[in-house]
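Engineer: Following this message is one structure expressed as structure tokens.
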2 protein chains.
Amino acid sequence: MGKLPPGVSASDFAAAVQLFKAAVGEEWVLTSDADVDPYRDTFSTVWGTPEERVPSGAVSPTTVEQVQAIVRAANRYKIPLFPISTGKNFAYGGPSPNLDGSVIVDLKRMNKIIEVDEGRHFALVEPGVSYFDLYRYIQDHGYKLWIDCPDPGWGSPVGNSLDHGIGYTLGFYRDHFGAHCGMEVVLASGEVMRTGMGAMPNAKSWQDYKYGYGPDPSGLFAQGNYGIVTKMGFRLMPQPEYYRTGMITVPKRQDFIQLVKTVNYLSDSFLIGEPIYGSPLRALMGNAAFRETLDKPAGPTDAEMDKFASDNNLHSWDVELQFYGPEKTCLATWEYAKDRFAADIPGAKSYEGENLKVPLTPRQMQNIDSPYPTGIRRNVAQGFPSLGVWKMLGRTSGYPDSDGTMQGHAGFIPIVPRTGEAVFEAQRVFGDTMKEFDLPRFGSALGTPVEWYQFAFQMGFVPSTSKTNPEHNLKVHKALRQMTEVAAEHGWGDYRVPPIYQDFVVNTYSFNNHVLRRFNETLKDAVDPNGILAPGRGGVWPQRFRGMRKI
Amino acid sequence: MGKLPPGVSASDFAAAVQLFKAAVGEEWVLTSDADVDPYRDTFSTVWGTPEERVPSGAVSPTTVEQVQAIVRAANRYKIPLFPISTGKNFAYGGPSPNLDGSVIVDLKRMNKIIEVDEGRHFALVEPGVSYFDLYRYIQDHGYKLWIDCPDPGWGSPVGNSLDHGIGYTLGFYRDHFGAHCGMEVVLASGEVMRTGMGAMPNAKSWQDYKYGYGPDPSGLFAQGNYGIVTKMGFRLMPQPEYYRTGMITVPKRQDFIQLVKTVNYLSDSFLIGEPIYGSPLRALMGNAAFRETLDKPAGPTDAEMDKFASDNNLHSWDVELQFYGPEKTCLATWEYAKDRFAADIPGAKSYEGENLKVPLTPRQMQNIDSPYPTGIRRNVAQGFPSLGVWKMLGRTSGYPDSDGTMQGHAGFIPIVPRTGEAVFEAQRVFGDTMKEFDLPRFGSALGTPVEWYQFAFQMGFVPSTSKTNPEHNLKVHKALRQMTEVAAEHGWGDYRVPPIYQDFVVNTYSFNNHVLRRFNETLKDAVDPNGILAPGRGGVWPQRFRGMRKI
């Protein structure tokens, strides 16, 4: 058996386990070391160290009533629970809890797709439903609906949205929590609550309107620990008739500033999907003089970068635009975009991409004839789930384990303002910070932002982790912490991290002596007095365990 | 002086008033009857009756520090406060509080526009800023930005969004709370808290990303009473290049079902703004046989309605579509829409509307040459505020006061599912219910929904109110309550009501023995133990005043 929860006696734990078994059946309560081991975070930067957070057991219910019984038993014996949905949650902590000795409530067997409405474009699902499940269900029923899914399709819409996860289609749908529409939650008291119109006993519009009447507490359940979500609605994108892409390039380094403004205009007008920024200058990374220039303290000058571009007949930046809709609408918007960039930025050029009728053919889905051979992410931008991202990560992360076992990765992906100026500053600050570490280049003058969230930029640093190389992990661990601190000094904050970094990150959101955290913890104590639900999640520690906070 | 707050002595009240005066200056604390009278709800259905909720005074700060001082004084003497922003809030309670004797915190003097960002499309404003103010500021600076405003432009973006108010442009921006991006709140403790990235002391992306890290309590502050919002960010729509309209008609009554589905497709694909449903059959309201048929118990049959349509060479339904964007994109989408409706619905016809380059000319803004002479709401759909709605309301509400004073109105506008079938059911149910009352026709077989919220329908009933005709008001009062009850029996709930109806409405959101209300009140007691902030707002009563709930 794993570690006991702090302050819980072996006999109380055993008594709770008996109640869990009575609730879900003996075979769905796991407490042996071998059974609990899969609930560790295999991508952990602190794998095998005392800092790793390890559960004491796991219990896997199939119904809301079983979840209620588990919560009531946990309340009786003060057992901390840590609910997880399905999928892997790689790079964000896997299934590992914030508090050592928590019992994992593994909701993967609650996998019912309760409703999919083709006319109103929504799904209502349980936490164990994966993106693959939902995609297959929609295909089997012939519904003309798209899902917006994160990179690996094995994840859960419920779990992903509750961790503020993102996708790759139209901006509204990319924000998975923002696109939720109503939830059912088992509270720490064991009671079942529904938000929005679901709070009407006979609701006919649970998924039509998420606010209901009065204050809406639903934001507390994402990256929080105020309840166990057992049902959740999501808006689905109507299947577009066409998917079109096109690329814009701009010649000079400073052109990035206007490039971002014009893309923002298109994006906030809901005319494009996720813009994908890049730099043609990455082709010069094999050039030693270029790399040396990039590595200069405080980075290269604009003139130096512009000279490399013109000497090599390359443009400085590009952005790939994605259009969804009727064929002629996509074409008209693309034509407009070309004119607009040409007018806004001297020397901007445009390149035709793809124009694909939806649904795609199997060959198109496999991206075989695409002019973008590296377009591994295209699948998720085209509304269907896959595992293709692993191919990309396998290629770009540079530290294979010595014994050949699969390596993991960790992520530091802070929010930065959606301007070219902020990107330049982040390139310089992150680049300089990373120079201390013998890790893959990050944040150089070629670093481009992602726009997963429609209205924000994020700059990503995704180093590898290892199960066999603790020195490498320690280096990554230190780099992640230092990057977080340096970012916070500049007003850039992280959006999503594994449990072991959550206290550290929340600590940077310290406005007015941590008033937000104190407010959230006051709420927590009020609705979960025994502190049994995911203590520590989102940096929120109940009174009982508040001393466990580890900055 | 007005009523004292319940349980507060005259001496404690006087002591608090002294502290309020010390905080904001003597002239900005009002307690005389004459001064407090304007803080009554002039549209009230219970005007002058014992049910009316009347404040004891008002205090008007100009800074966050003054708000903090007011809250601390209120805590010391346990004075209930009721914050309001600016504008009139007509039909939703005006400035009137939930609890008799509350002190109004009138934030109209906090009217700073702190930041407008043209490249990232947002504004950060104080509660006293009106839509007119924000519009003028944007025009004065020459920013190519639109605001999404409710009908009268005198309202406050902060106050409107905190009451789940709506607008009339693209779906994302129409949801004013959904389009908010970060807030600053004075808590009941007097502390200042910021949500989202604003929780970083040095935040550079407060308005880029509203979740920050960890649980997000911001939903509690809308239709709630957990704090006084002193700053709030809002996304602004980039000024589109063109505004285009077109109308679709469909011949038969049952065609409405597919009409809604096809409009939903366009709307959820972010291809159109607010669709405006109507019925050409309204032209027959002067026809006695037609009216008699409409008034039949359980409503007319489809065949009866279709016969009236064909006999009079009229179609059964229409929908006006609004397009925002580049000229060719708008045209392409409109062409697509015409083809799509023609393919989906036999006999559907399309009519060209307007195609206006933005910014509009003054003549266009006044709608002088428009083919839609009754298009009073067009201004708000075109990104600029006005007071034109009063012309429409003055025309359609049918009960002028006998003494010629201005009449008010009250609203019951429940959420119904976004399907044609639900609209037909609501027509029948509301129509039958309203027959008991001698009030303007509502919910007949011609009733069409509004789609203020992108993903929901609402069916509106807006009877007039009077300051001189208490019998009429009583009838309206009874009708509103009965409609609310009947709607709830069918699973349709109200989204927004004056304080006097809030308990009644929240009582219909009673799933699992009112667990949502109990959860919210547990949170309330934790963060506002003296129950000083807007007790009763959104149906949430603090422990101290819980007995004041009036179902």
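Chain identifiers are assigned as A, B, and so on, following the order in which chains appear in the structure tokens; residues are numbered from 1 within each chain, and ligands are numbered from 1 in order of appearance.
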Can you tell me which residues surround A:Gly7 at a distance of at most 10 Å, considering only C-alpha atoms, apart from same-chain residues fewer than 2 positions away, and format the answer as an MDAnalysis selection string?

Structural biologist: chainID A and resid 4:5 9:10 78:79 544:545

Engineer: Those same residues, written as a PDB file, in the first residue's frame with all heavy atoms?

Structural biologist:
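Resulting contents of part.pdb:
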```pdb
ATOM      1  N   LEU A   4      -0.001   6.558   3.662  1.00  0.00           N
ATOM      2  CA  LEU A   4      -1.288   6.923   4.262  1.00  0.00           C
ATOM      3  C   LEU A   4      -1.467   8.441   4.140  1.00  0.00           C
ATOM      4  O   LEU A   4      -0.495   9.185   4.124  1.00  0.00           O
ATOM      5  CB  LEU A   4      -1.305   6.562   5.746  1.00  0.00           C
ATOM      6  CG  LEU A   4      -1.662   5.131   6.130  1.00  0.00           C
ATOM      7  CD1 LEU A   4      -1.581   4.988   7.648  1.00  0.00           C
ATOM      8  CD2 LEU A   4      -3.063   4.771   5.651  1.00  0.00           C
ATOM      9  N   PRO A   5      -2.727   8.894   4.112  1.00  0.00           N
ATOM     10  CA  PRO A   5      -2.928  10.351   4.137  1.00  0.00           C
ATOM     11  C   PRO A   5      -2.433  10.905   5.471  1.00  0.00           C
ATOM     12  O   PRO A   5      -2.535  10.234   6.494  1.00  0.00           O
ATOM     13  CB  PRO A   5      -4.453  10.501   4.031  1.00  0.00           C
ATOM     14  CG  PRO A   5      -4.975   9.180   3.595  1.00  0.00           C
ATOM     15  CD  PRO A   5      -3.986   8.152   4.047  1.00  0.00           C
ATOM     16  N   SER A   9      -5.298   7.530  10.599  1.00  0.00           N
ATOM     17  CA  SER A   9      -4.762   6.287  11.158  1.00  0.00           C
ATOM     18  C   SER A   9      -4.998   5.138  10.186  1.00  0.00           C
ATOM     19  O   SER A   9      -5.895   5.193   9.339  1.00  0.00           O
ATOM     20  CB  SER A   9      -5.460   5.970  12.484  1.00  0.00           C
ATOM     21  OG  SER A   9      -6.819   5.655  12.247  1.00  0.00           O
ATOM     22  N   ALA A  10      -4.185   4.085  10.334  1.00  0.00           N
ATOM     23  CA  ALA A  10      -4.343   2.912   9.475  1.00  0.00           C
ATOM     24  C   ALA A  10      -5.728   2.306   9.652  1.00  0.00           C
ATOM     25  O   ALA A  10      -6.342   1.820   8.693  1.00  0.00           O
ATOM     26  CB  ALA A  10      -3.254   1.883   9.790  1.00  0.00           C
ATOM     27  N   LYS A  78     -12.353  11.254   7.167  1.00  0.00           N
ATOM     28  CA  LYS A  78     -11.462  12.382   6.810  1.00  0.00           C
ATOM     29  C   LYS A  78     -10.344  11.966   5.849  1.00  0.00           C
ATOM     30  O   LYS A  78      -9.162  12.294   6.025  1.00  0.00           O
ATOM     31  CB  LYS A  78     -10.880  13.013   8.074  1.00  0.00           C
ATOM     32  CG  LYS A  78     -11.969  13.583   9.006  1.00  0.00           C
ATOM     33  CD  LYS A  78     -11.372  14.461  10.079  1.00  0.00           C
ATOM     34  CE  LYS A  78     -12.406  15.297  10.803  1.00  0.00           C
ATOM     35  NZ  LYS A  78     -13.625  14.578  11.223  1.00  0.00           N
ATOM     36  N   ILE A  79     -10.732  11.238   4.826  1.00  0.00           N
ATOM     37  CA  ILE A  79      -9.773  10.760   3.826  1.00  0.00           C
ATOM     38  C   ILE A  79      -9.703  11.752   2.671  1.00  0.00           C
ATOM     39  O   ILE A  79     -10.721  12.046   2.035  1.00  0.00           O
ATOM     40  CB  ILE A  79     -10.237   9.394   3.242  1.00  0.00           C
ATOM     41  CG1 ILE A  79     -10.567   8.395   4.354  1.00  0.00           C
ATOM     42  CG2 ILE A  79      -9.188   8.854   2.262  1.00  0.00           C
ATOM     43  CD1 ILE A  79      -9.405   7.989   5.212  1.00  0.00           C
ATOM     44  N   ARG A 544      -7.326  22.306   7.363  1.00  0.00           N
ATOM     45  CA  ARG A 544      -6.714  21.122   7.976  1.00  0.00           C
ATOM     46  C   ARG A 544      -5.317  20.820   7.412  1.00  0.00           C
ATOM     47  O   ARG A 544      -4.446  20.333   8.127  1.00  0.00           O
ATOM     48  CB  ARG A 544      -7.653  19.938   7.720  1.00  0.00           C
ATOM     49  CG  ARG A 544      -7.158  18.599   8.167  1.00  0.00           C
ATOM     50  CD  ARG A 544      -8.258  17.573   7.873  1.00  0.00           C
ATOM     51  NE  ARG A 544      -7.740  16.223   7.906  1.00  0.00           N
ATOM     52  CZ  ARG A 544      -8.161  15.252   7.107  1.00  0.00           C
ATOM     53  NH1 ARG A 544      -9.117  15.496   6.206  1.00  0.00           N
ATOM     54  NH2 ARG A 544      -7.651  14.051   7.196  1.00  0.00           N
ATOM     55  N   PHE A 545      -5.145  21.080   6.145  1.00  0.00           N
ATOM     56  CA  PHE A 545      -3.871  20.730   5.505  1.00  0.00           C
ATOM     57  C   PHE A 545      -3.072  21.962   5.084  1.00  0.00           C
ATOM     58  O   PHE A 545      -2.151  21.857   4.282  1.00  0.00           O
ATOM     59  CB  PHE A 545      -4.125  19.873   4.255  1.00  0.00           C
ATOM     60  CG  PHE A 545      -4.705  18.516   4.531  1.00  0.00           C
ATOM     61  CD1 PHE A 545      -5.954  18.158   4.034  1.00  0.00           C
ATOM     62  CD2 PHE A 545      -3.991  17.579   5.284  1.00  0.00           C
ATOM     63  CE1 PHE A 545      -6.477  16.902   4.273  1.00  0.00           C
ATOM     64  CE2 PHE A 545      -4.521  16.308   5.532  1.00  0.00           C
ATOM     65  CZ  PHE A 545      -5.773  15.979   5.030  1.00  0.00           C
TER      66      PHE A 545
END
```

Engineer: Quick one: which residues from chain A are at most 6 Å off chain B, using only C-alpha atoms, as a PyMOL selection string?

Structural biologist: chain A and resi 119+193+199-205+208-209+213-217+219-220+222-224+261+328-329+332-333+417+455-456+491+495+509-511+515+523+526+538

Engineer: Figure out the distance between atom CA of B:His472 and atom CA of B:Val389, please, to one decimal in Å.

Structural biologist: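 If I compute the distance from atom CA of B:Val389 to atom CA of B:His472, I get 23.1 Å.
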
Engineer: For atom CA of B:Thr484 and atom CA of B:Phe504, quote the distance in Å rounded to one decimal.

Structural biologist: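 Here the two named atoms are 8.4 Å from each other.
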
Engineer: Please provide as a list in words all residues within 6 Å of stretch 315-323 of chain B, with the sequence filter that same-chain residues fewer than 6 positions apart are discarded (counting only C-alpha atoms).

Structural biologist: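 These residues fall inside the cut-off: Tyr243, Arg244, Thr245, Gly246, Met247, Ile248, Thr249, Val250, Pro251, Lys252, Arg253, Ile272, Gly273, Pro275, Ile276, Tyr277, Gly278, Ser279, Ala309 and Cys330 of chain B.
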
Engineer: So what do you get for atom CA of A:Asn313 versus atom CA of A:Arg282, distance-wise?

Structural biologist: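 Between atom CA of A:Asn313 and atom CA of A:Arg282 the gap works out to 13.0 Å.
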
Engineer: Using only C-alpha atoms, determine which residues lie at most 9 Å from stretch 127-140 of chain B, disregarding the query and same-chain residues fewer than 5 positions distant; provide the list as a ChimeraX atom specification.

Structural biologist: /B:84-87,106-113,116,145-150,152-159,229-232,383-386

Engineer: May I ask which of the residues B:Trp541, B:Phe13, B:Trp47, B:Tyr168 is the closest one to B:Asp151, counting only C-alpha atoms?

Structural biologist: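 With only C-alpha atoms as the atom set, the closest residue is B:Tyr168.
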